[in-house]
$ cat work35.cif   # mmCIF, C-alpha atoms
data_entry
loop_
_atom_site.label_atom_id
_atom_site.label_comp_id
_atom_site.auth_asym_id
_atom_site.auth_seq_id
_atom_site.Cartn_x
_atom_site.Cartn_y
_atom_site.Cartn_z
CA MET Z 59 -30.70 18.79 44.26
CA ASN Z 60 -33.97 17.06 43.57
CA ALA Z 61 -35.89 20.33 43.26
CA GLY Z 62 -38.96 20.12 41.08
CA LYS Z 63 -39.08 16.33 41.28
CA ALA Z 64 -41.36 14.02 43.23
CA GLU Z 65 -38.45 12.65 45.27
CA ILE Z 66 -37.78 13.83 48.79
CA ARG Z 67 -35.38 16.75 48.90
CA GLN Z 68 -31.92 15.93 50.19
CA LYS Z 69 -31.62 16.97 53.82
CA ILE Z 70 -28.52 18.83 55.00
CA VAL Z 71 -27.35 19.74 58.51
CA VAL Z 72 -24.85 22.62 58.58
CA ILE Z 73 -23.00 22.89 61.91
CA GLY Z 74 -20.91 25.94 62.83
CA HIS Z 75 -20.55 29.23 64.69
CA GLY Z 76 -19.60 31.80 62.02
CA TYR Z 77 -22.47 33.20 59.99
CA THR Z 78 -20.71 34.20 56.78
CA SER Z 79 -19.15 30.78 56.23
CA ARG Z 80 -22.37 28.98 57.12
CA LEU Z 81 -24.34 31.32 54.86
CA GLY Z 82 -22.16 30.42 51.87
CA ILE Z 83 -22.87 26.71 52.41
CA ILE Z 84 -26.58 27.36 52.99
CA ARG Z 85 -26.95 29.32 49.75
CA SER Z 86 -24.78 26.93 47.72
CA LEU Z 87 -27.01 23.99 48.68
CA GLY Z 88 -30.29 25.89 48.95
CA GLN Z 89 -29.97 26.88 45.30
CA GLU Z 90 -29.67 23.15 44.54
CA GLY Z 91 -33.02 22.44 46.19
CA CYS Z 92 -31.76 20.91 49.44
CA GLU Z 93 -33.68 21.14 52.72
CA ILE Z 94 -31.36 22.77 55.24
CA THR Z 95 -31.18 22.61 59.02
CA VAL Z 96 -28.63 24.84 60.75
CA LEU Z 97 -27.15 23.71 64.05
CA VAL Z 98 -25.78 26.92 65.57
CA GLN Z 99 -22.85 26.60 67.95
CA THR Z 100 -23.59 29.45 70.32
CA PHE Z 101 -21.47 31.04 73.03
CA HIS Z 102 -22.16 32.76 76.34
CA SER Z 103 -22.07 36.53 76.39
CA ARG Z 104 -20.12 38.47 78.99
CA ILE Z 105 -23.17 38.52 81.27
CA GLY Z 106 -23.55 34.76 81.05
CA ARG Z 107 -26.58 34.53 78.76
CA TRP Z 108 -26.67 32.48 75.58
CA LEU Z 109 -26.17 34.69 72.55
CA ARG Z 110 -29.34 33.28 70.96
CA PHE Z 111 -31.25 35.37 73.51
CA ASP Z 112 -28.93 38.38 73.46
CA GLY Z 113 -28.61 38.73 69.71
CA GLY Z 114 -31.61 36.96 68.21
CA THR Z 115 -31.48 34.73 65.16
CA PRO Z 116 -28.13 34.80 63.31
CA ILE Z 117 -28.22 36.50 59.93
CA ASP Z 118 -27.59 33.33 57.95
CA CYS Z 119 -30.52 31.56 59.63
CA CYS Z 120 -32.83 34.22 58.17
CA SER Z 121 -32.01 32.92 54.68
CA LYS Z 122 -34.99 31.72 52.68
CA TYR Z 123 -33.18 28.42 52.24
CA VAL Z 124 -33.16 27.53 55.95
CA SER Z 125 -35.96 25.21 57.04
CA ARG Z 126 -35.03 24.80 60.70
CA VAL Z 127 -32.64 26.27 63.29
CA LEU Z 128 -31.30 24.31 66.27
CA TRP Z 129 -29.00 25.57 69.01
CA CYS Z 130 -26.07 23.92 70.76
CA PRO Z 131 -23.52 25.16 73.32
CA ALA Z 132 -20.41 25.83 71.25
CA GLU Z 133 -18.12 23.31 72.91
CA SER Z 134 -20.51 20.67 74.25
CA GLU Z 135 -19.66 17.43 72.49
CA SER Z 136 -22.38 15.43 74.23
CA GLU Z 137 -25.09 17.97 73.44
CA MET Z 138 -24.11 18.20 69.78
CA LEU Z 139 -24.22 14.42 69.47
CA ARG Z 140 -27.57 14.24 71.30
CA ILE Z 141 -29.17 16.85 69.03
CA LEU Z 142 -27.95 15.10 65.89
CA LEU Z 143 -29.20 11.67 66.97
CA GLU Z 144 -32.48 12.83 68.51
CA ARG Z 145 -33.55 15.68 66.24
CA CYS Z 146 -31.80 15.35 62.87
CA LYS Z 147 -32.28 11.72 61.80
CA ASP Z 148 -34.72 10.96 59.00
CA PRO Z 149 -36.29 7.55 58.39
CA GLN Z 150 -36.43 8.04 54.61
CA GLN Z 151 -32.85 9.14 53.86
CA LYS Z 152 -29.48 9.83 55.39
CA PRO Z 153 -29.03 13.59 55.87
CA VAL Z 154 -25.61 14.97 54.96
CA LEU Z 155 -23.69 16.59 57.83
CA ILE Z 156 -21.49 19.54 56.89
CA PRO Z 157 -19.44 20.62 59.92
CA ASP Z 158 -18.18 24.17 59.54
CA SER Z 159 -15.90 24.51 62.57
CA ASP Z 160 -12.89 22.52 63.72
CA PHE Z 161 -14.75 21.45 66.86
CA ALA Z 162 -17.76 20.20 64.88
CA VAL Z 163 -15.46 18.35 62.46
CA ALA Z 164 -13.79 16.61 65.42
CA VAL Z 165 -17.08 15.68 67.14
CA VAL Z 166 -18.53 14.15 63.99
CA ASP Z 167 -15.29 12.26 63.38
CA ARG Z 168 -14.98 10.94 66.94
CA HIS Z 169 -18.53 9.62 66.86
CA ALA Z 170 -18.47 8.31 63.30
CA ALA Z 171 -19.51 4.81 64.38
CA GLU Z 172 -22.63 6.13 66.13
CA LEU Z 173 -23.55 8.55 63.35
CA ALA Z 174 -22.82 6.38 60.30
CA PRO Z 175 -26.11 4.39 60.40
CA TYR Z 176 -28.08 7.64 60.09
CA PHE Z 177 -25.93 10.27 58.35
CA LEU Z 178 -23.38 10.92 55.61
CA PHE Z 179 -20.37 13.05 56.58
CA PRO Z 180 -16.66 13.76 55.89
CA HIS Z 181 -14.21 10.97 56.70
CA CYS Z 182 -10.74 9.60 56.04
CA ARG Z 183 -10.98 6.07 54.66
CA GLN Z 184 -14.02 5.39 56.88
CA LYS Z 185 -11.79 5.30 59.98
CA PRO Z 186 -13.25 7.05 63.06
CA GLY Z 187 -10.73 9.50 64.48
CA ALA Z 188 -8.68 9.75 61.28
CA VAL Z 189 -9.97 13.22 60.33
CA GLU Z 190 -9.15 14.64 63.75
CA ALA Z 191 -5.70 13.04 63.59
CA LEU Z 192 -5.13 14.82 60.27
CA MET Z 193 -5.63 18.17 62.02
CA ASP Z 194 -2.13 17.74 63.47
CA LYS Z 195 -0.10 20.47 61.76
CA SER Z 196 3.20 18.59 62.06
CA LEU Z 197 1.64 15.62 60.23
CA GLN Z 198 0.26 17.98 57.59
CA LYS Z 199 3.72 19.44 57.01
CA GLU Z 200 5.22 15.97 56.64
CA LEU Z 201 2.60 14.99 54.07
CA ALA Z 202 3.02 18.30 52.25
CA ARG Z 203 6.76 17.71 51.90
CA GLU Z 204 6.09 14.24 50.51
CA ALA Z 205 3.83 15.84 47.89
CA GLY Z 206 6.65 18.16 46.79
CA LEU Z 207 5.37 21.32 48.50
CA SER Z 208 7.60 23.91 50.16
CA VAL Z 209 7.22 23.97 53.94
CA ALA Z 210 8.84 26.22 56.57
CA ASP Z 211 10.96 24.34 59.12
CA ALA Z 212 9.24 23.77 62.47
CA GLN Z 213 9.48 21.95 65.80
CA VAL Z 214 6.81 20.77 68.24
CA VAL Z 215 7.08 22.16 71.78
CA PRO Z 216 4.86 21.48 74.84
CA ALA Z 217 2.51 24.36 75.72
CA VAL Z 218 4.33 24.90 79.02
CA PRO Z 219 6.05 28.26 79.59
CA GLU Z 220 8.74 26.64 81.78
CA THR Z 221 9.55 23.85 79.33
CA ILE Z 222 13.12 23.16 78.24
CA LEU Z 223 13.19 24.52 74.70
CA PRO Z 224 14.83 22.36 72.02
CA GLU Z 225 18.01 23.50 70.32
CA GLY Z 226 17.78 25.04 66.91
CA ILE Z 227 14.96 27.55 67.45
CA VAL Z 228 15.80 30.68 65.48
CA TYR Z 229 14.24 34.05 66.32
CA PRO Z 230 12.01 35.51 65.16
CA CYS Z 231 9.78 32.45 65.10
CA PHE Z 232 6.06 31.88 64.63
CA THR Z 233 3.87 29.85 67.00
CA LYS Z 234 0.52 28.17 66.45
CA PRO Z 235 -1.36 25.41 68.32
CA LEU Z 236 -0.69 21.98 66.87
CA GLU Z 237 -4.48 21.52 66.62
CA THR Z 238 -6.73 24.59 66.53
CA ILE Z 239 -9.48 22.78 68.48
CA ARG Z 240 -6.99 22.82 71.39
CA GLY Z 241 -5.62 26.30 71.79
CA GLY Z 242 -7.72 28.09 69.19
CA LYS Z 243 -6.35 30.36 66.48
CA THR Z 244 -3.68 31.75 68.80
CA PHE Z 245 -0.80 32.72 66.52
CA HIS Z 246 2.25 34.77 67.56
CA ARG Z 247 5.44 36.16 66.09
CA CYS Z 248 8.07 35.77 68.82
CA ASP Z 249 11.23 37.88 68.57
CA ASP Z 250 13.02 36.30 71.54
CA GLU Z 251 12.80 33.50 74.09
CA ALA Z 252 10.73 35.55 76.55
CA ALA Z 253 8.09 36.23 73.89
CA LEU Z 254 8.04 32.55 72.95
CA ARG Z 255 7.42 31.51 76.54
CA ARG Z 256 4.60 34.05 76.85
CA ALA Z 257 3.04 32.61 73.70
CA LEU Z 258 3.27 29.07 75.10
CA GLY Z 259 1.46 30.25 78.22
CA GLU Z 260 -1.33 31.93 76.26
CA ILE Z 261 -1.91 28.83 74.13
CA ALA Z 262 -1.93 26.68 77.28
CA ASP Z 263 -4.52 28.99 78.87
CA LYS Z 264 -6.81 28.31 75.88
CA GLY Z 265 -6.50 24.54 76.18
CA GLY Z 266 -3.54 23.87 73.90
CA THR Z 267 -1.11 21.13 74.82
CA GLN Z 268 1.35 21.14 71.90
CA VAL Z 269 2.65 24.10 69.90
CA LEU Z 270 4.24 24.26 66.47
CA VAL Z 271 7.24 26.61 66.60
CA GLU Z 272 7.93 27.52 63.00
CA ARG Z 273 10.76 29.39 61.33
CA TYR Z 274 9.47 32.89 60.68
CA VAL Z 275 9.02 33.54 56.98
CA PRO Z 276 8.03 37.08 55.92
CA ILE Z 277 4.80 36.83 53.92
CA ALA Z 278 4.51 38.81 50.70
CA LYS Z 279 1.13 37.42 49.60
CA GLU Z 280 -1.46 35.12 51.16
CA TYR Z 281 -3.60 32.64 49.26
CA ALA Z 282 -6.23 30.02 49.95
CA LEU Z 283 -8.03 27.40 47.96
CA VAL Z 284 -11.14 25.35 48.57
CA GLY Z 285 -11.81 21.95 47.12
CA CYS Z 286 -13.79 18.74 47.20
CA ALA Z 287 -12.37 15.22 47.48
CA ASP Z 288 -14.25 11.95 47.16
CA GLY Z 289 -11.71 9.86 49.09
CA ALA Z 290 -11.19 7.59 46.08
CA GLY Z 291 -8.78 9.75 44.11
CA ASP Z 292 -10.90 12.54 42.60
CA VAL Z 293 -9.83 15.92 43.98
CA CYS Z 294 -11.38 19.10 42.53
CA ILE Z 295 -9.58 22.40 43.15
CA PRO Z 296 -11.35 24.90 40.88
CA ALA Z 297 -9.62 28.19 41.72
CA VAL Z 298 -7.06 30.06 43.80
CA ILE Z 299 -8.21 32.74 46.23
CA ALA Z 300 -5.74 35.62 46.53
CA PHE Z 301 -6.13 37.76 49.65
CA THR Z 302 -6.05 41.46 48.88
CA GLU Z 303 -6.67 42.52 52.47
CA ALA Z 304 -6.88 40.44 55.64
CA GLY Z 305 -9.39 41.30 58.34
CA GLN Z 306 -7.83 43.14 61.28
CA ARG Z 307 -10.40 42.21 63.91
CA HIS Z 308 -10.41 38.49 62.96
CA PHE Z 309 -7.06 36.85 62.33
CA GLY Z 310 -6.49 34.91 59.11
CA ILE Z 311 -9.77 35.78 57.34
CA ALA Z 312 -9.80 37.69 54.06
CA ARG Z 313 -11.59 41.01 54.08
CA THR Z 314 -11.23 41.42 50.31
CA GLY Z 315 -9.68 39.28 47.62
CA THR Z 316 -9.82 37.86 44.12
CA VAL Z 317 -10.89 34.45 42.84
CA LEU Z 318 -8.39 33.41 40.16
CA PRO Z 319 -8.72 30.69 37.49
CA PRO Z 320 -6.46 27.71 38.22
CA ASP Z 321 -4.49 27.85 34.93
CA SER Z 322 -1.50 29.87 36.13
CA PHE Z 323 -1.14 27.68 39.25
CA SER Z 324 -1.60 24.31 37.52
CA THR Z 325 1.65 22.66 38.70
CA LEU Z 326 1.18 23.82 42.28
CA LEU Z 327 -2.48 22.75 42.35
CA SER Z 328 -1.50 19.33 41.04
CA ARG Z 329 0.80 18.95 44.05
CA PHE Z 330 -1.92 20.14 46.40
CA ALA Z 331 -4.30 17.59 44.86
CA ASP Z 332 -1.70 14.84 45.43
CA PHE Z 333 -1.34 16.01 49.03
CA VAL Z 334 -5.09 15.74 49.66
CA ARG Z 335 -5.34 12.49 47.71
CA GLN Z 336 -2.78 10.71 49.88
CA THR Z 337 -4.77 11.50 53.04
CA GLY Z 338 -7.80 9.55 51.80
CA PHE Z 339 -10.03 12.43 52.88
CA SER Z 340 -13.60 12.63 51.58
CA GLY Z 341 -15.23 16.03 52.03
CA LEU Z 342 -14.81 19.76 51.54
CA PHE Z 343 -11.44 21.24 52.43
CA ASP Z 344 -9.55 24.52 52.57
CA ILE Z 345 -5.78 25.01 52.19
CA ASP Z 346 -3.85 28.15 53.15
CA PHE Z 347 -0.52 28.95 51.52
CA TYR Z 348 1.66 32.02 51.10
CA GLU Z 349 4.43 33.54 49.01
CA SER Z 350 7.80 34.59 50.42
CA ASP Z 351 10.78 35.63 48.30
CA GLY Z 352 9.16 34.10 45.23
CA VAL Z 353 8.53 30.72 46.92
CA LEU Z 354 5.02 29.41 47.62
CA TYR Z 355 4.85 27.73 51.05
CA PHE Z 356 2.18 25.36 52.36
CA ASN Z 357 0.65 26.70 55.59
CA GLU Z 358 -2.21 24.47 56.74
CA LEU Z 359 -5.07 22.22 55.70
CA ASN Z 360 -8.55 22.82 57.14
CA LEU Z 361 -10.92 19.86 56.83
CA ARG Z 362 -13.99 21.98 56.17
CA PHE Z 363 -15.25 24.59 53.69
CA GLY Z 364 -13.12 27.73 53.85
CA GLY Z 365 -14.34 31.11 55.04
CA SER Z 366 -13.97 32.53 51.52
CA GLY Z 367 -15.41 29.45 49.81
CA TYR Z 368 -18.68 31.08 48.78
CA ALA Z 369 -16.72 33.33 46.42
CA VAL Z 370 -15.91 30.22 44.39
CA THR Z 371 -19.61 29.25 44.26
CA LYS Z 372 -20.45 32.75 43.03
CA ALA Z 373 -17.63 32.47 40.47
CA GLY Z 374 -19.32 29.42 38.97
CA VAL Z 375 -18.16 26.26 40.80
CA ASN Z 376 -20.49 24.92 43.49
CA LEU Z 377 -18.26 22.69 45.63
CA PRO Z 378 -20.84 22.01 48.39
CA ALA Z 379 -23.23 20.73 45.71
CA MET Z 380 -20.43 18.59 44.27
CA TYR Z 381 -19.75 17.07 47.69
CA VAL Z 382 -23.41 16.32 48.45
CA ARG Z 383 -23.93 14.76 45.03
CA THR Z 384 -20.82 12.66 45.51
CA VAL Z 385 -21.79 11.21 48.91
CA THR Z 386 -25.39 10.59 47.86
CA GLY Z 387 -24.35 8.70 44.72
CA GLN Z 388 -25.46 11.29 42.17
CA ALA Z 389 -23.56 12.27 39.04
CA VAL Z 390 -21.22 15.24 39.27
CA SER Z 391 -19.87 15.16 35.71
CA ALA Z 392 -22.18 17.98 34.57
CA LEU Z 393 -20.99 20.38 37.31
CA PRO Z 394 -18.34 22.98 36.38
CA ARG Z 395 -14.90 22.16 37.81
CA ALA Z 396 -12.89 25.33 37.13
CA VAL Z 397 -13.43 29.09 37.49
CA SER Z 398 -13.16 30.74 34.08
CA HIS Z 399 -12.24 34.37 34.87
CA PRO Z 400 -11.09 36.49 37.85
CA MET Z 401 -13.69 38.01 40.18
CA THR Z 402 -13.16 40.25 43.20
CA PHE Z 403 -15.01 39.64 46.48
CA VAL Z 404 -15.66 41.27 49.84
CA ASN Z 405 -16.60 39.78 53.19
CA GLU Z 406 -18.97 42.41 54.56
CA ARG Z 407 -18.70 41.10 58.09
CA MET Z 408 -14.96 41.76 58.12
CA CYS Z 409 -15.55 45.29 56.83
CA ILE Z 410 -18.23 46.02 59.41
CA ASP Z 411 -16.23 44.56 62.30
CA ASP Z 412 -13.08 46.41 61.24
CA TRP Z 413 -15.09 49.63 61.01
CA SER Z 414 -16.58 48.96 64.46
CA PHE Z 415 -13.09 48.62 65.94
CA TYR Z 416 -11.65 51.63 64.05
CA TYR Z 417 -9.48 49.72 61.57
CA LEU Z 418 -11.53 51.23 58.72
CA THR Z 419 -13.53 54.41 58.36
CA GLU Z 420 -17.19 54.07 57.42
CA THR Z 421 -16.40 55.41 53.94
CA GLU Z 422 -13.57 52.89 53.46
CA SER Z 423 -15.85 50.06 54.52
CA ARG Z 424 -18.66 51.12 52.19
CA ASP Z 425 -16.26 51.65 49.27
CA ARG Z 426 -14.85 48.11 49.59
CA ILE Z 427 -18.33 46.62 49.66
CA ALA Z 428 -19.48 48.68 46.65
CA ALA Z 429 -16.40 47.85 44.54
CA ALA Z 430 -16.52 44.03 44.78
CA ASP Z 431 -17.96 41.71 42.14
CA ILE Z 432 -19.03 39.22 44.84
CA ARG Z 433 -20.53 39.92 48.26
CA PHE Z 434 -20.90 37.24 50.89
CA VAL Z 435 -24.02 38.54 52.68
CA ASP Z 436 -25.93 40.98 50.46
CA ASP Z 437 -27.89 39.09 47.78
CA PRO Z 438 -31.08 40.33 46.09
CA ASP Z 439 -32.17 36.71 45.52
CA ASP Z 440 -31.95 35.96 49.26
CA PRO Z 441 -32.64 39.23 51.09
#

$ encode --input "work35.cif" --output "structure tokens"
Amino acid sequence: MNAGKAEIRQKIVVIGHGYTSRLGIIRSLGQEGCEITVLVQTFHSRIGRWLRFDGGTPIDCCSKYVSRVLWCPAESESEMLRILLERCKDPQQKPVLIPDSDFAVAVVDRHAAELAPYFLFPHCRQKPGAVEALMDKSLQKELAREAGLSVADAQVVPAVPETILPEGIVYPCFTKPLETIRGGKTFHRCDDEAALRRALGEIADKGGTQVLVERYVPIAKEYALVGCADGAGDVCIPAVIAFTEAGQRHFGIARTGTVLPPDSFSTLLSRFADFVRQTGFSGLFDIDFYESDGVLYFNELNLRFGGSGYAVTKAGVNLPAMYVRTVTGQAVSALPRAVSHPMTFVNERMCIDDWSFYYLTETESRDRIAAADIRFVDDPDDP
């Protein structure tokens, strides 16, 4: 961002546990001249050892743009906060925090008052706790309706298998945790009451307390979009991401897709921009929506950069750079704000994992990687 100048390079701390999404942020900002620290949320392996020792350095941390790698237990709030305050502060500038997991988003938001003197980070109207509150899917649906978006009917049910179920649930139905930081990405289609109660139990076992029970809508096509909001009214949504294939090993992540210019979705994107604008959110975001019987339905808002977001950077619109320039008071008017032509992409990790678990043959995996205009991992400029 200040590359080639005498000024100190802008420092960035990327926090997350998935390497392809982190890598997209790292490259987007590394190409802008930022100095990048990666705080890796790492898990225990089956034999109880930290994966940093079992698997070595994550692929994204081998990028030429990474200056430093730090490690944190994946769900230790106190340790994440300690590392940020003890090892990531800088006396000459406020580093920008970019949380890339729901848990990291929530930790930064909960401790906004402690972090604000030293860092810049996503927020909703500068109110600690407001970003985490916005993760509530029932609140998101209410705001989406107010913005004129189509939303499937849903009810909130306690994550208790023995609970008295409310009237009006129609089967089949679809269940998801009200907040993915409590219950994870545990989604189920339930064809009867017994299946619904099993789903409630599974979500409860993973820490969920409330479950959104949604009218099942058959999905013809899935879409996502990534964007940047400044919290003061400017919302940039430069493209629509159409999923061609979803990963089979990892739920809800595109294996292949196409980045589309926003022109043909202009009315819908205007409503999505209004939806984000009314939240007062400042930061990078990702919205999932889908088509059913010719109607486009809002699904959910993620208050972080989306897993397919790097495809938009490669298609010409660098949203992470736009966000960092915004929060550091630099001009963003010269940055492109819309993708100009369609480009196909592939997430190699999804192909490799699906091949490893027999969802794809090796030839099918290689063919998908070879055919795409954009690849998320392979890059001759950052080998």

$ resolve_selection --input "work35.cif" --expression "the PyMOL selection byres ((chain Z and resi 117) around 9)" --output "list in words"
Tyr77, Thr78, Leu81, Gly114, Thr115, Pro116, Asp118, Cys119, Cys120, Ser121 and Val435 of chain Z

$ atom_distance --input "work35.cif" --atom1 "CA of Glu272 (chain Z)" --atom2 "CA of Leu201 (chain Z)"
16.3 Å

$ residues_around --input "work35.cif" --residues "region 333-335 of chain Z" --least-positions-apart "6" --cutoff "7 Å" --atoms "all atoms listed in the file" --output "list in words"
Leu201, Ala202, Ala205, Gly291 and Val293 of chain Z

$ closest_residue --input "work35.cif" --among "Z:Ser196, Z:Ala290, Z:Met401, Z:Arg80" --to "Asp431 (chain Z)" --atoms "all atoms listed in the file"
Z:Met401

$ resolve_selection --input "work35.cif" --expression "the PyMOL selection byres ((chain Z and resi 224-237) around 7)" --output "count of residues only"
26

$ resolve_selection --input "work35.cif" --expression "the PyMOL selection byres ((chain Z and resi 330) around 9)" --output "number ranges by chain"
Z: 202, 205-207, 295, 325-329, 331-335, 345, 356

$ write_last_selection --input "work35.cif" --atoms "C-alpha atoms" --output "PDB file, in the coordinates of the input"
ATOM      1  CA  ALA Z 202       3.020  18.300  52.250  1.00  0.00           C
ATOM      2  CA  ALA Z 205       3.830  15.840  47.890  1.00  0.00           C
ATOM      3  CA  GLY Z 206       6.650  18.160  46.790  1.00  0.00           C
ATOM      4  CA  LEU Z 207       5.370  21.320  48.500  1.00  0.00           C
ATOM      5  CA  ILE Z 295      -9.580  22.400  43.150  1.00  0.00           C
ATOM      6  CA  THR Z 325       1.650  22.660  38.700  1.00  0.00           C
ATOM      7  CA  LEU Z 326       1.180  23.820  42.280  1.00  0.00           C
ATOM      8  CA  LEU Z 327      -2.480  22.750  42.350  1.00  0.00           C
ATOM      9  CA  SER Z 328      -1.500  19.330  41.040  1.00  0.00           C
ATOM     10  CA  ARG Z 329       0.800  18.950  44.050  1.00  0.00           C
ATOM     11  CA  ALA Z 331      -4.300  17.590  44.860  1.00  0.00           C
ATOM     12  CA  ASP Z 332      -1.700  14.840  45.430  1.00  0.00           C
ATOM     13  CA  PHE Z 333      -1.340  16.010  49.030  1.00  0.00           C
ATOM     14  CA  VAL Z 334      -5.090  15.740  49.660  1.00  0.00           C
ATOM     15  CA  ARG Z 335      -5.340  12.490  47.710  1.00  0.00           C
ATOM     16  CA  ILE Z 345      -5.780  25.010  52.190  1.00  0.00           C
ATOM     17  CA  PHE Z 356       2.180  25.360  52.360  1.00  0.00           C
TER      18      PHE Z 356
END

$ atom_distance --input "work35.cif" --atom1 "CA of Glu220 (chain Z)" --atom2 "CA of Glu260 (chain Z)"
12.6 Å

$ residues_near_point --input "work35.cif" --point "(-18.5, 10.8, 53.8)" --cutoff "10 Å" --atoms "only C-alpha atoms" --output "list in words"
Val154, Leu155, Ile156, Ala170, Ala174, Phe177, Leu178, Phe179, Pro180, His181, Cys182, Arg183, Gln184, Ala287, Asp288, Gly289, Phe339, Ser340, Gly341, Leu342, Tyr381, Val382, Thr384, Val385 and Thr386 of chain Z

$ build_atoms --input "work35.cif" --residues "region 399-410 of chain Z" --atoms "N, CA, C and O atoms" --output "PDB file, in the coordinates of the input"
ATOM      1  N   HIS Z 399     -12.825  33.029  34.947  1.00  0.00           N
ATOM      2  CA  HIS Z 399     -12.240  34.370  34.870  1.00  0.00           C
ATOM      3  C   HIS Z 399     -12.163  34.967  36.277  1.00  0.00           C
ATOM      4  O   HIS Z 399     -12.923  34.578  37.175  1.00  0.00           O
ATOM      5  N   PRO Z 400     -11.253  35.903  36.513  1.00  0.00           N
ATOM      6  CA  PRO Z 400     -11.090  36.490  37.850  1.00  0.00           C
ATOM      7  C   PRO Z 400     -12.330  37.274  38.280  1.00  0.00           C
ATOM      8  O   PRO Z 400     -12.994  37.914  37.466  1.00  0.00           O
ATOM      9  N   MET Z 401     -12.612  37.218  39.589  1.00  0.00           N
ATOM     10  CA  MET Z 401     -13.690  38.010  40.180  1.00  0.00           C
ATOM     11  C   MET Z 401     -13.242  38.460  41.565  1.00  0.00           C
ATOM     12  O   MET Z 401     -12.684  37.673  42.332  1.00  0.00           O
ATOM     13  N   THR Z 402     -13.511  39.727  41.884  1.00  0.00           N
ATOM     14  CA  THR Z 402     -13.160  40.250  43.200  1.00  0.00           C
ATOM     15  C   THR Z 402     -14.306  39.969  44.183  1.00  0.00           C
ATOM     16  O   THR Z 402     -15.464  39.824  43.791  1.00  0.00           O
ATOM     17  N   PHE Z 403     -13.976  39.881  45.471  1.00  0.00           N
ATOM     18  CA  PHE Z 403     -15.010  39.640  46.480  1.00  0.00           C
ATOM     19  C   PHE Z 403     -14.733  40.459  47.733  1.00  0.00           C
ATOM     20  O   PHE Z 403     -13.620  40.944  47.964  1.00  0.00           O
ATOM     21  N   VAL Z 404     -15.774  40.599  48.549  1.00  0.00           N
ATOM     22  CA  VAL Z 404     -15.660  41.270  49.840  1.00  0.00           C
ATOM     23  C   VAL Z 404     -16.453  40.485  50.870  1.00  0.00           C
ATOM     24  O   VAL Z 404     -17.536  39.965  50.582  1.00  0.00           O
ATOM     25  N   ASN Z 405     -15.886  40.356  52.050  1.00  0.00           N
ATOM     26  CA  ASN Z 405     -16.600  39.780  53.190  1.00  0.00           C
ATOM     27  C   ASN Z 405     -17.116  40.950  54.017  1.00  0.00           C
ATOM     28  O   ASN Z 405     -16.363  41.587  54.750  1.00  0.00           O
ATOM     29  N   GLU Z 406     -18.411  41.235  53.887  1.00  0.00           N
ATOM     30  CA  GLU Z 406     -18.970  42.410  54.560  1.00  0.00           C
ATOM     31  C   GLU Z 406     -18.804  42.372  56.065  1.00  0.00           C
ATOM     32  O   GLU Z 406     -18.634  43.407  56.715  1.00  0.00           O
ATOM     33  N   ARG Z 407     -18.851  41.168  56.635  1.00  0.00           N
ATOM     34  CA  ARG Z 407     -18.700  41.100  58.090  1.00  0.00           C
ATOM     35  C   ARG Z 407     -17.337  41.620  58.527  1.00  0.00           C
ATOM     36  O   ARG Z 407     -17.212  42.310  59.539  1.00  0.00           O
ATOM     37  N   MET Z 408     -16.287  41.275  57.778  1.00  0.00           N
ATOM     38  CA  MET Z 408     -14.960  41.760  58.120  1.00  0.00           C
ATOM     39  C   MET Z 408     -14.890  43.284  58.009  1.00  0.00           C
ATOM     40  O   MET Z 408     -14.291  43.955  58.854  1.00  0.00           O
ATOM     41  N   CYS Z 409     -15.529  43.836  56.979  1.00  0.00           N
ATOM     42  CA  CYS Z 409     -15.550  45.290  56.830  1.00  0.00           C
ATOM     43  C   CYS Z 409     -16.285  45.963  57.984  1.00  0.00           C
ATOM     44  O   CYS Z 409     -15.816  46.953  58.556  1.00  0.00           O
ATOM     45  N   ILE Z 410     -17.429  45.415  58.342  1.00  0.00           N
ATOM     46  CA  ILE Z 410     -18.230  46.020  59.410  1.00  0.00           C
ATOM     47  C   ILE Z 410     -17.516  45.904  60.753  1.00  0.00           C
ATOM     48  O   ILE Z 410     -17.459  46.863  61.533  1.00  0.00           O
TER      49      ILE Z 410
END
